[in-house]
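Here's start-v5.pdb, which has PDB, C-alpha atoms:
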```
MODEL        1
ATOM      1  CA  MET A   1     -60.507 -57.404  31.459
ATOM      2  CA  PRO A   2     -59.290 -59.538  28.519
ATOM      3  CA  LYS A   3     -56.353 -58.581  26.351
ATOM      4  CA  ILE A   4     -57.510 -57.515  22.889
ATOM      5  CA  GLY A   5     -55.295 -58.927  20.173
ATOM      6  CA  PHE A   6     -54.831 -58.536  16.419
ATOM      7  CA  HIS A   7     -55.184 -61.571  14.148
ATOM      8  CA  ALA A   8     -52.838 -61.588  11.149
ATOM      9  CA  SER A   9     -54.374 -63.536   8.268
ATOM     10  CA  HIS A  10     -51.653 -64.851   5.953
ATOM     11  CA  GLU A  11     -54.285 -66.065   3.491
ATOM     12  CA  GLN A  12     -55.431 -62.516   2.763
ATOM     13  CA  VAL A  13     -52.470 -60.171   3.183
ATOM     14  CA  ASP A  14     -48.947 -60.489   1.777
ATOM     15  CA  PRO A  15     -46.224 -60.885   4.423
ATOM     16  CA  ARG A  16     -44.648 -57.454   3.928
ATOM     17  CA  SER A  17     -47.982 -55.653   4.269
ATOM     18  CA  LEU A  18     -48.963 -57.870   7.193
ATOM     19  CA  LEU A  19     -45.759 -56.961   9.011
ATOM     20  CA  LEU A  20     -46.581 -53.273   8.608
ATOM     21  CA  ALA A  21     -50.130 -53.930   9.798
ATOM     22  CA  VAL A  22     -49.089 -55.664  13.001
ATOM     23  CA  GLY A  23     -46.787 -52.750  13.805
ATOM     24  CA  GLN A  24     -49.684 -50.354  13.250
ATOM     25  CA  ALA A  25     -51.872 -52.553  15.449
ATOM     26  CA  GLU A  26     -49.408 -52.321  18.325
ATOM     27  CA  ALA A  27     -49.219 -48.544  17.938
ATOM     28  CA  ALA A  28     -53.030 -48.372  17.950
ATOM     29  CA  GLY A  29     -53.253 -50.182  21.278
ATOM     30  CA  PHE A  30     -53.669 -53.868  20.466
ATOM     31  CA  GLN A  31     -52.060 -55.840  23.294
ATOM     32  CA  ALA A  32     -51.224 -59.126  21.569
ATOM     33  CA  ALA A  33     -51.233 -60.828  18.166
ATOM     34  CA  MET A  34     -51.670 -64.197  16.560
ATOM     35  CA  CYS A  35     -51.500 -65.476  13.006
ATOM     36  CA  SER A  36     -52.722 -68.291  10.799
ATOM     37  CA  ASP A  37     -50.427 -70.929   9.259
ATOM     38  CA  HIS A  38     -51.670 -72.021   5.834
ATOM     39  CA  PHE A  39     -50.126 -73.396   2.668
ATOM     40  CA  ALA A  40     -52.998 -72.098   0.522
ATOM     41  CA  PRO A  41     -55.834 -69.588   0.924
ATOM     42  CA  TRP A  42     -59.456 -70.576   1.461
ATOM     43  CA  GLY A  43     -60.392 -69.165  -1.951
ATOM     44  CA  LYS A  44     -58.684 -67.645  -4.979
ATOM     45  CA  SER A  45     -59.921 -64.138  -4.144
ATOM     46  CA  GLN A  46     -57.937 -64.186  -0.881
ATOM     47  CA  GLY A  47     -54.846 -64.689  -2.966
ATOM     48  CA  GLN A  48     -51.998 -65.067  -0.434
ATOM     49  CA  SER A  49     -50.370 -67.612   1.856
ATOM     50  CA  GLY A  50     -46.972 -66.612   3.227
ATOM     51  CA  PHE A  51     -44.932 -68.936   5.443
ATOM     52  CA  ALA A  52     -45.951 -68.106   8.998
ATOM     53  CA  TRP A  53     -42.773 -69.294  10.715
ATOM     54  CA  SER A  54     -40.498 -66.995   8.698
ATOM     55  CA  TRP A  55     -42.838 -64.093   9.301
ATOM     56  CA  LEU A  56     -43.111 -64.712  13.052
ATOM     57  CA  GLY A  57     -39.420 -64.045  13.622
ATOM     58  CA  ALA A  58     -39.709 -60.674  11.901
ATOM     59  CA  ALA A  59     -42.975 -59.806  13.679
ATOM     60  CA  LEU A  60     -41.593 -60.650  17.125
ATOM     61  CA  GLN A  61     -38.440 -58.646  16.428
ATOM     62  CA  SER A  62     -40.283 -55.568  15.133
ATOM     63  CA  THR A  63     -42.900 -55.384  17.916
ATOM     64  CA  SER A  64     -43.068 -56.034  21.653
ATOM     65  CA  LEU A  65     -46.321 -58.020  21.429
ATOM     66  CA  PRO A  66     -46.798 -61.620  22.545
ATOM     67  CA  PHE A  67     -47.565 -63.808  19.517
ATOM     68  CA  GLY A  68     -49.359 -67.050  18.849
ATOM     69  CA  VAL A  69     -49.754 -69.192  15.744
ATOM     70  CA  VAL A  70     -52.479 -71.684  14.842
ATOM     71  CA  THR A  71     -50.717 -74.736  13.432
ATOM     72  CA  ALA A  72     -51.176 -78.471  12.859
ATOM     73  CA  PRO A  73     -48.274 -80.868  13.460
ATOM     74  CA  GLY A  74     -48.477 -84.404  12.155
ATOM     75  CA  GLN A  75     -48.594 -84.361   8.356
ATOM     76  CA  ARG A  76     -47.306 -81.207   6.654
ATOM     77  CA  TYR A  77     -45.046 -80.628   9.670
ATOM     78  CA  HIS A  78     -43.114 -83.218  11.641
ATOM     79  CA  PRO A  79     -43.614 -82.522  15.378
ATOM     80  CA  ALA A  80     -39.849 -82.379  16.031
ATOM     81  CA  ILE A  81     -39.508 -79.589  13.449
ATOM     82  CA  ILE A  82     -42.379 -77.616  14.989
ATOM     83  CA  ALA A  83     -40.841 -78.116  18.430
ATOM     84  CA  GLN A  84     -37.481 -76.833  17.180
ATOM     85  CA  ALA A  85     -39.063 -73.786  15.516
ATOM     86  CA  ALA A  86     -41.164 -72.964  18.573
ATOM     87  CA  ALA A  87     -38.256 -73.431  20.999
ATOM     88  CA  THR A  88     -36.071 -71.140  18.907
ATOM     89  CA  LEU A  89     -38.674 -68.353  18.830
ATOM     90  CA  ARG A  90     -39.324 -68.700  22.558
ATOM     91  CA  GLN A  91     -35.567 -68.595  23.283
ATOM     92  CA  MET A  92     -35.057 -65.448  21.194
ATOM     93  CA  PHE A  93     -38.185 -63.745  22.552
ATOM     94  CA  PRO A  94     -38.666 -65.006  26.131
ATOM     95  CA  GLY A  95     -42.234 -65.348  27.305
ATOM     96  CA  ARG A  96     -43.761 -64.028  24.094
ATOM     97  CA  PHE A  97     -44.517 -67.011  21.840
ATOM     98  CA  TRP A  98     -47.223 -69.704  22.061
ATOM     99  CA  MET A  99     -48.899 -72.185  19.717
ATOM    100  CA  ALA A 100     -52.496 -73.177  19.139
ATOM    101  CA  LEU A 101     -52.574 -76.782  17.936
ATOM    102  CA  GLY A 102     -55.277 -78.377  15.823
ATOM    103  CA  THR A 103     -55.700 -81.452  13.670
ATOM    104  CA  GLY A 104     -55.478 -79.478  10.426
ATOM    105  CA  GLU A 105     -57.359 -79.248   7.148
ATOM    106  CA  ALA A 106     -56.837 -81.125   3.905
ATOM    107  CA  ALA A 107     -56.465 -77.751   2.160
ATOM    108  CA  ASN A 108     -53.010 -77.487   3.727
ATOM    109  CA  GLU A 109     -52.018 -81.065   4.473
ATOM    110  CA  HIS A 110     -52.783 -82.741   1.128
ATOM    111  CA  ILE A 111     -49.567 -81.302  -0.346
ATOM    112  CA  THR A 112     -47.504 -84.125   1.191
ATOM    113  CA  GLY A 113     -49.303 -86.664  -0.983
ATOM    114  CA  ASP A 114     -50.117 -88.734   2.076
ATOM    115  CA  ARG A 115     -53.638 -89.984   2.763
ATOM    116  CA  TRP A 116     -55.836 -87.496   4.631
ATOM    117  CA  PRO A 117     -56.991 -89.508   7.666
ATOM    118  CA  PRO A 118     -60.412 -89.401   9.371
ATOM    119  CA  LYS A 119     -60.939 -87.146  12.376
ATOM    120  CA  ASP A 120     -60.448 -89.780  15.058
ATOM    121  CA  VAL A 121     -57.073 -90.717  13.584
ATOM    122  CA  ARG A 122     -56.094 -87.052  13.305
ATOM    123  CA  ASN A 123     -56.965 -86.570  16.982
ATOM    124  CA  ALA A 124     -54.814 -89.542  17.948
ATOM    125  CA  ARG A 125     -51.977 -88.269  15.757
ATOM    126  CA  LEU A 126     -52.123 -84.815  17.356
ATOM    127  CA  ALA A 127     -52.029 -86.398  20.837
ATOM    128  CA  GLU A 128     -48.861 -88.247  19.848
ATOM    129  CA  CYS A 129     -47.354 -85.024  18.485
ATOM    130  CA  VAL A 130     -48.098 -83.214  21.756
ATOM    131  CA  ASP A 131     -46.367 -85.956  23.753
ATOM    132  CA  VAL A 132     -43.349 -85.817  21.435
ATOM    133  CA  MET A 133     -43.080 -82.040  21.685
ATOM    134  CA  ARG A 134     -43.471 -82.010  25.469
ATOM    135  CA  GLY A 135     -40.626 -84.479  25.736
ATOM    136  CA  LEU A 136     -38.438 -82.380  23.445
ATOM    137  CA  PHE A 137     -39.227 -79.162  25.346
ATOM    138  CA  SER A 138     -38.176 -80.999  28.522
ATOM    139  CA  GLY A 139     -34.736 -81.722  27.039
ATOM    140  CA  GLU A 140     -35.357 -85.431  26.507
ATOM    141  CA  THR A 141     -34.075 -87.515  23.616
ATOM    142  CA  VAL A 142     -37.298 -88.727  22.024
ATOM    143  CA  SER A 143     -37.979 -91.810  19.924
ATOM    144  CA  HIS A 144     -41.518 -92.751  18.970
ATOM    145  CA  ASP A 145     -43.109 -95.219  16.564
ATOM    146  CA  GLY A 146     -46.815 -94.673  16.013
ATOM    147  CA  LEU A 147     -48.913 -92.456  13.774
ATOM    148  CA  VAL A 148     -45.818 -90.249  13.719
ATOM    149  CA  ARG A 149     -42.279 -91.599  13.853
ATOM    150  CA  VAL A 150     -39.365 -89.987  15.671
ATOM    151  CA  ASP A 151     -35.825 -91.320  15.921
ATOM    152  CA  ARG A 152     -33.602 -90.060  18.765
ATOM    153  CA  ALA A 153     -34.595 -86.408  18.426
ATOM    154  CA  LYS A 154     -33.213 -83.878  20.910
ATOM    155  CA  LEU A 155     -33.480 -80.094  21.007
ATOM    156  CA  TRP A 156     -30.079 -78.563  21.642
ATOM    157  CA  THR A 157     -31.409 -75.006  21.928
ATOM    158  CA  LEU A 158     -34.103 -74.634  24.561
ATOM    159  CA  PRO A 159     -35.876 -71.602  26.012
ATOM    160  CA  ASP A 160     -36.085 -70.901  29.727
ATOM    161  CA  ASP A 161     -39.657 -72.184  29.662
ATOM    162  CA  ALA A 162     -41.593 -74.178  27.100
ATOM    163  CA  PRO A 163     -44.046 -72.409  24.790
ATOM    164  CA  ARG A 164     -47.632 -73.035  25.781
ATOM    165  CA  MET A 165     -49.555 -75.481  23.610
ATOM    166  CA  ILE A 166     -53.153 -74.251  23.385
ATOM    167  CA  GLY A 167     -55.862 -76.579  22.105
ATOM    168  CA  ALA A 168     -57.921 -75.370  19.135
ATOM    169  CA  ALA A 169     -61.572 -76.472  19.106
ATOM    170  CA  VAL A 170     -64.906 -75.490  17.577
ATOM    171  CA  SER A 171     -67.101 -78.250  19.054
ATOM    172  CA  VAL A 172     -68.069 -79.150  22.602
ATOM    173  CA  GLU A 173     -66.639 -82.642  22.163
ATOM    174  CA  THR A 174     -63.248 -81.389  20.996
ATOM    175  CA  ALA A 175     -63.153 -78.785  23.771
ATOM    176  CA  ARG A 176     -63.609 -81.557  26.349
ATOM    177  CA  TRP A 177     -60.863 -83.631  24.706
ATOM    178  CA  VAL A 178     -58.285 -80.826  24.571
ATOM    179  CA  GLY A 179     -58.951 -80.077  28.241
ATOM    180  CA  GLY A 180     -56.997 -83.221  29.029
ATOM    181  CA  TRP A 181     -53.737 -82.167  27.354
ATOM    182  CA  ALA A 182     -53.753 -78.482  26.381
ATOM    183  CA  ASP A 183     -52.383 -75.483  28.272
ATOM    184  CA  GLY A 184     -55.506 -73.517  27.324
ATOM    185  CA  LEU A 185     -58.411 -73.365  24.865
ATOM    186  CA  ILE A 186     -58.873 -71.276  21.732
ATOM    187  CA  THR A 187     -62.021 -71.162  19.611
ATOM    188  CA  VAL A 188     -63.870 -68.842  17.228
ATOM    189  CA  ASN A 189     -66.916 -66.622  17.678
ATOM    190  CA  GLN A 190     -70.126 -68.642  17.894
ATOM    191  CA  SER A 191     -73.336 -68.203  19.869
ATOM    192  CA  HIS A 192     -72.901 -67.408  23.552
ATOM    193  CA  GLU A 193     -74.743 -70.581  24.502
ATOM    194  CA  HIS A 194     -72.427 -72.746  22.413
ATOM    195  CA  LEU A 195     -69.347 -70.998  23.797
ATOM    196  CA  ARG A 196     -70.577 -71.513  27.368
ATOM    197  CA  ARG A 197     -70.989 -75.231  26.719
ATOM    198  CA  MET A 198     -67.509 -75.390  25.194
ATOM    199  CA  ILE A 199     -65.960 -73.643  28.198
ATOM    200  CA  GLU A 200     -67.782 -75.962  30.594
ATOM    201  CA  ALA A 201     -66.668 -79.019  28.621
ATOM    202  CA  PHE A 202     -63.056 -77.832  28.482
ATOM    203  CA  ARG A 203     -62.977 -77.290  32.231
ATOM    204  CA  ALA A 204     -64.681 -80.608  32.927
ATOM    205  CA  GLY A 205     -62.172 -82.375  30.671
ATOM    206  CA  GLY A 206     -59.208 -81.111  32.684
ATOM    207  CA  GLY A 207     -58.920 -77.469  31.703
ATOM    208  CA  GLU A 208     -59.993 -75.914  34.999
ATOM    209  CA  GLY A 209     -57.954 -72.778  35.689
ATOM    210  CA  LYS A 210     -56.366 -72.709  32.223
ATOM    211  CA  PRO A 211     -56.673 -69.622  29.965
ATOM    212  CA  LEU A 212     -59.398 -69.159  27.351
ATOM    213  CA  TYR A 213     -58.888 -67.417  24.015
ATOM    214  CA  LEU A 214     -61.307 -66.392  21.280
ATOM    215  CA  GLN A 215     -60.745 -65.432  17.659
ATOM    216  CA  VAL A 216     -63.469 -63.090  16.396
ATOM    217  CA  HIS A 217     -64.131 -62.745  12.663
ATOM    218  CA  LEU A 218     -65.465 -59.271  11.899
ATOM    219  CA  SER A 219     -65.942 -56.838   9.055
ATOM    220  CA  TYR A 220     -65.785 -53.082   9.602
ATOM    221  CA  ALA A 221     -66.274 -50.363   6.976
ATOM    222  CA  PRO A 222     -67.720 -46.815   6.923
ATOM    223  CA  SER A 223     -71.115 -48.110   5.728
ATOM    224  CA  GLU A 224     -73.138 -51.233   6.461
ATOM    225  CA  GLU A 225     -73.254 -52.094   2.772
ATOM    226  CA  ALA A 226     -69.500 -51.788   2.388
ATOM    227  CA  ALA A 227     -68.868 -53.903   5.498
ATOM    228  CA  LEU A 228     -71.135 -56.637   4.146
ATOM    229  CA  ASP A 229     -69.457 -56.459   0.733
ATOM    230  CA  VAL A 230     -66.028 -56.917   2.322
ATOM    231  CA  ALA A 231     -67.200 -59.930   4.311
ATOM    232  CA  TYR A 232     -68.849 -61.514   1.281
ATOM    233  CA  SER A 233     -65.979 -60.921  -1.146
ATOM    234  CA  GLN A 234     -63.265 -62.199   1.213
ATOM    235  CA  TRP A 235     -64.818 -64.670   3.662
ATOM    236  CA  ARG A 236     -67.735 -66.448   1.995
ATOM    237  CA  THR A 237     -65.510 -69.500   1.445
ATOM    238  CA  ASN A 238     -65.159 -69.831   5.225
ATOM    239  CA  LEU A 239     -68.784 -70.450   6.183
ATOM    240  CA  PHE A 240     -68.732 -74.233   5.891
ATOM    241  CA  ALA A 241     -68.979 -76.330   9.022
ATOM    242  CA  PRO A 242     -66.958 -79.525   9.539
ATOM    243  CA  PRO A 243     -66.403 -81.884   7.873
ATOM    244  CA  VAL A 244     -66.640 -79.792   4.679
ATOM    245  CA  CYS A 245     -64.017 -77.264   5.777
ATOM    246  CA  TRP A 246     -61.731 -80.106   6.893
ATOM    247  CA  ASP A 247     -61.931 -82.173   3.723
ATOM    248  CA  LEU A 248     -61.984 -79.833   0.707
ATOM    249  CA  GLU A 249     -58.521 -79.680  -0.826
ATOM    250  CA  LEU A 250     -58.077 -76.732  -3.195
ATOM    251  CA  PRO A 251     -59.060 -73.031  -3.232
ATOM    252  CA  GLU A 252     -61.117 -73.830  -6.328
ATOM    253  CA  HIS A 253     -63.138 -76.356  -4.323
ATOM    254  CA  PHE A 254     -64.015 -73.746  -1.691
ATOM    255  CA  ASP A 255     -64.904 -71.250  -4.418
ATOM    256  CA  GLU A 256     -67.241 -73.750  -6.040
ATOM    257  CA  ALA A 257     -68.967 -74.531  -2.738
ATOM    258  CA  ALA A 258     -69.290 -70.798  -2.002
ATOM    259  CA  ARG A 259     -71.288 -70.152  -5.192
ATOM    260  CA  PHE A 260     -74.408 -70.874  -3.148
ATOM    261  CA  VAL A 261     -73.572 -68.555  -0.239
ATOM    262  CA  ARG A 262     -75.798 -65.467  -0.056
ATOM    263  CA  LYS A 263     -74.696 -62.122   1.318
ATOM    264  CA  GLU A 264     -77.128 -62.379   4.200
ATOM    265  CA  ASP A 265     -75.539 -65.704   5.184
ATOM    266  CA  MET A 266     -72.364 -63.867   6.179
ATOM    267  CA  HIS A 267     -73.902 -62.777   9.478
ATOM    268  CA  ARG A 268     -73.723 -66.408  10.651
ATOM    269  CA  ALA A 269     -69.948 -66.322  10.990
ATOM    270  CA  VAL A 270     -68.833 -62.685  10.795
ATOM    271  CA  LEU A 271     -69.750 -59.707  12.977
ATOM    272  CA  ILE A 272     -70.565 -57.004  10.428
ATOM    273  CA  SER A 273     -71.137 -53.326  11.148
ATOM    274  CA  SER A 274     -70.104 -49.747  10.371
ATOM    275  CA  GLU A 275     -70.612 -48.742  14.014
ATOM    276  CA  PRO A 276     -67.623 -49.194  16.367
ATOM    277  CA  ALA A 277     -70.003 -49.066  19.339
ATOM    278  CA  ARG A 278     -71.620 -52.309  18.179
ATOM    279  CA  PHE A 279     -68.249 -54.021  18.235
ATOM    280  CA  VAL A 280     -67.679 -52.738  21.767
ATOM    281  CA  ASP A 281     -70.937 -54.430  22.788
ATOM    282  CA  TRP A 282     -70.118 -57.667  20.953
ATOM    283  CA  ILE A 283     -66.608 -57.893  22.384
ATOM    284  CA  GLY A 284     -67.907 -57.023  25.837
ATOM    285  CA  GLY A 285     -70.340 -59.913  25.619
ATOM    286  CA  PHE A 286     -67.503 -62.316  24.846
ATOM    287  CA  ALA A 287     -65.443 -60.846  27.681
ATOM    288  CA  ASP A 288     -68.316 -61.564  30.081
ATOM    289  CA  LEU A 289     -68.043 -65.258  29.172
ATOM    290  CA  GLY A 290     -64.585 -65.343  30.743
ATOM    291  CA  PHE A 291     -62.181 -65.183  27.807
ATOM    292  CA  ASP A 292     -58.694 -64.037  28.781
ATOM    293  CA  GLY A 293     -57.700 -62.959  25.286
ATOM    294  CA  ILE A 294     -59.879 -61.908  22.337
ATOM    295  CA  PHE A 295     -58.190 -61.703  18.935
ATOM    296  CA  LEU A 296     -59.927 -59.552  16.321
ATOM    297  CA  HIS A 297     -59.739 -60.625  12.695
ATOM    298  CA  HIS A 298     -60.990 -58.042  10.229
ATOM    299  CA  VAL A 299     -61.755 -60.258   7.239
ATOM    300  CA  GLY A 300     -60.874 -57.598   4.663
ATOM    301  CA  ALA A 301     -57.561 -57.538   2.810
ATOM    302  CA  GLU A 302     -57.032 -53.886   3.774
ATOM    303  CA  GLN A 303     -56.291 -53.524   7.470
ATOM    304  CA  GLN A 304     -55.377 -49.868   8.114
ATOM    305  CA  GLU A 305     -58.880 -48.413   8.322
ATOM    306  CA  PHE A 306     -59.955 -51.144  10.740
ATOM    307  CA  ILE A 307     -56.843 -50.685  12.912
ATOM    308  CA  GLU A 308     -57.244 -46.912  13.111
ATOM    309  CA  ALA A 309     -60.972 -46.997  13.846
ATOM    310  CA  PHE A 310     -60.677 -49.684  16.512
ATOM    311  CA  GLY A 311     -57.655 -48.036  18.078
ATOM    312  CA  ALA A 312     -59.630 -44.830  18.498
ATOM    313  CA  ARG A 313     -63.135 -46.088  19.252
ATOM    314  CA  VAL A 314     -63.088 -49.731  20.395
ATOM    315  CA  LEU A 315     -59.904 -50.581  22.269
ATOM    316  CA  PRO A 316     -60.216 -47.765  24.840
ATOM    317  CA  ALA A 317     -63.357 -49.474  26.177
ATOM    318  CA  PHE A 318     -61.196 -52.433  27.217
ATOM    319  CA  ALA A 319     -58.170 -50.579  28.548
ATOM    320  CA  GLU A 320     -57.325 -51.448  32.138
ATOM    321  CA  GLY A 321     -57.597 -48.679  34.738
TER     322      GLY A 321
ENDMDL
END
```
Can you turn what I pasted into structure tokens?
Amino acid sequence: MPKIGFHASHEQVDPRSLLLAVGQAEAAGFQAAMCSDHFAPWGKSQGQSGFAWSWLGAALQSTSLPFGVVTAPGQRYHPAIIAQAAATLRQMFPGRFWMALGTGEAANEHITGDRWPPKDVRNARLAECVDVMRGLFSGETVSHDGLVRVDRAKLWTLPDDAPRMIGAAVSVETARWVGGWADGLITVNQSHEHLRRMIEAFRAGGGEGKPLYLQVHLSYAPSEEAALDVAYSQWRTNLFAPPVCWDLELPEHFDEAARFVRKEDMHRAVLISSEPARFVDWIGGFADLGFDGIFLHHVGAEQQEFIEAFGARVLPAFAEG
């Protein structure tokens, strides 16, 4: 039975409210949590973007949940800084912190003023960052001169064990690539057939026996119409496949692209219903694919109704014993 986790969306909820929400999620029966790491929201209506690394310390201290963060070293973040932040959290909260690593989006990375590189270069840059961070987690003094540069970096505070570095992927090709270096795979809800091919590719690429995680975008409300309205108002800027979602730079750009999204299009990327039993079936289908952890992201800005309803009517279906 997979662990059912709560996804904390910094783009949609202010940090203080999100901290309250993750505490409510733990009380409701969620077994784990993860959060996004953005500099800007996907659209102006989302309206938030707190600093994930500050928030993670408070969230780990105020709950007993294991936590992950989806982040992108290489441009906005130097890999030695991410390694230091991750090692510190793992040392303070043993066994509870992990990272999902991706190649990033221009929406967050353009702020440095550096050129936004093509995908193959971003992949190579991430691979270098992973090597740098593994060396630092091992206690080595690391120097590196490539797509990232490091000069005699050493972590003086280390945890008992290194935080896991999970590979983030949405395509079969990327899943195969991350199988060669990642400690696990994380992706988002897509068709079962596509997810099966991703899992097979990840395992064939070197990921055999490593854990699988899934982030599920969903919208729950007391009526079908209200659930669809929530999804459309908050998440219509997130329907664009790569490379569009990688390369747009500002919330205004996503808003402009989303002018042509119809309400009925939301069902392509978001599970939408007023019936908790439907979510039990959907989540059960993902569990049958072999995912070890499934993180639920209610795409609305208000989280309490979702947390209470799922705590009472969804999570018990996945409780062990």
Suppose a student applies the PyMOL selection byres ((chain A and resi 204-208) around 7) to this structure; what residues should they get, written as a list in words?
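Checked against the file, the PyMOL selection byres ((chain A and resi 204-208) around 7) matches Arg176, Trp177, Gly179, Gly180, Gly184, Glu200, Ala201, Phe202, Arg203, Gly209 and Lys210 of chain A.
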Could you tell me which residues the PyMOL selection byres ((chain A and resi 278) around 12) grabs in this file, written as a count of residues only?
22
Expected selection from the PyMOL selection byres ((chain A and resi 154-157) around 8), given as an MDAnalysis selection string
chainID A and resid 84 87:88 91 136:137 139:142 152:153 158:159
Each residue of segment 184-280 of chain A lying at most 8 Å from segment 102-114 of chain A should get a row with its shortest atom-to-atom pair and the distance in Å to one decimal, counting only C-alpha atoms; could you produce that, ordered by chain and increasing number, as a Markdown table?
```
| residue | atom | partner | partner_atom | distance |
| --- | --- | --- | --- | --- |
| A:Cys245 | CA | A:Glu105 | CA | 7.1 |
| A:Trp246 | CA | A:Glu105 | CA | 4.5 |
| A:Asp247 | CA | A:Ala106 | CA | 5.2 |
| A:Leu248 | CA | A:Ala107 | CA | 6.1 |
| A:Glu249 | CA | A:Ala107 | CA | 4.1 |
| A:Leu250 | CA | A:Ala107 | CA | 5.7 |
| A:Pro251 | CA | A:Ala107 | CA | 7.6 |
```
I'd like the contact shell of Ser233 of chain A - 12 Å cut-off, only C-alpha atoms, skipping same-chain residues fewer than 4 positions apart - returned as a list in words.
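Near Ser233 of chain A, the qualifying residues are Gln12, Trp42, Gly43, Lys44, Ser45, Gln46, Gly47, Ser219, Ala226, Ala227, Leu228, Asp229, Thr237, Asn238, Asp255, Ala258, Arg259, Val261, Arg262, Lys263, Met266, Val299, Gly300 and Ala301 of chain A.
For the pair atom CA of Asp120 of chain A and atom CA of Gly74 of chain A, the interatomic distance is 13.4 Å.
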Skip His7 of chain A itself and residues of its chain fewer than 2 positions away, then list as a PDB file with C-alpha atoms, in the coordinates of the input all residues within 7 Å of it, counting only C-alpha atoms.
```
ATOM      1  CA  GLY A   5     -55.295 -58.927  20.173  1.00  0.00           C
ATOM      2  CA  SER A   9     -54.374 -63.536   8.268  1.00  0.00           C
ATOM      3  CA  ALA A  33     -51.233 -60.828  18.166  1.00  0.00           C
ATOM      4  CA  MET A  34     -51.670 -64.197  16.560  1.00  0.00           C
ATOM      5  CA  CYS A  35     -51.500 -65.476  13.006  1.00  0.00           C
ATOM      6  CA  PHE A 295     -58.190 -61.703  18.935  1.00  0.00           C
ATOM      7  CA  LEU A 296     -59.927 -59.552  16.321  1.00  0.00           C
ATOM      8  CA  HIS A 297     -59.739 -60.625  12.695  1.00  0.00           C
TER       9      HIS A 297
END
```
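Using all atoms listed in the file, the protein and nucleic acid residues lying no more than 7 Å from Gln31 of chain A, apart from those fewer than 2 places from it along its own chain, are Lys3, Ile4, Gly5, Glu26, Gly29 and Leu65 of chain A.
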With distances taken over only C-alpha atoms, which residue among A:Phe67, A:Trp53, A:Phe254, A:Phe306 lies nearest Pro15 of chain A?
A:Trp53
Taking into account only C-alpha atoms, which residue in the set A:Ala58, A:Val178, A:Ala80, A:Ala86 is nearest to Arg149 of chain A?
A:Ala80
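The smallest atom-to-atom distance between Ile307 of chain A and any of A:Val69, A:Ala287, A:Ala169, A:Ala25, using all atoms listed in the file, is found for A:Ala25.
Here atom CA of Pro41 of chain A stands at a distance of 24.2 Å from atom CA of Arg125 of chain A.
The spacing separating atom CA of Gly293 of chain A from atom CA of Gln215 of chain A amounts to 8.6 Å.
Using only C-alpha atoms, the shortest contact distance between Val270 of chain A and any of A:Arg236, A:Glu128, A:His217, A:Ala72 is found at A:His217.
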Given all atoms listed in the file as the counted atoms, nearest of A:Phe260, A:Tyr77, A:Trp98, A:Trp235 to Val148 of chain A
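Of the candidates, the smallest distance to Val148 of chain A is held by A:Tyr77.
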Which residue gives the smallest distance to Asp145 of chain A among A:Gly290, A:Glu264, A:Val22, A:Cys129, with all atoms listed in the file counted?
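Of A:Gly290, A:Glu264, A:Val22, A:Cys129, the one nearest Asp145 of chain A, counting all atoms listed in the file, is A:Cys129.
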Tell me which residues come within 12 Å of (-39.1, -60.4, 13.1), as a list in words, counting all atoms listed in the file in the file's coordinates.
Pro15, Arg16, Leu18, Leu19, Leu20, Val22, Gly23, Ala52, Trp53, Ser54, Trp55, Leu56, Gly57, Ala58, Ala59, Leu60, Gln61, Ser62, Thr63, Ser64, Leu65, Phe67, Leu89, Met92 and Phe93 of chain A
Can you tell me, as an NGL selection string, what residues are no more than 6 Å from Phe97 of chain A when counting all atoms listed in the file, ignoring any on the same chain fewer than 4 positions away?
:A and (66-68 or 90)
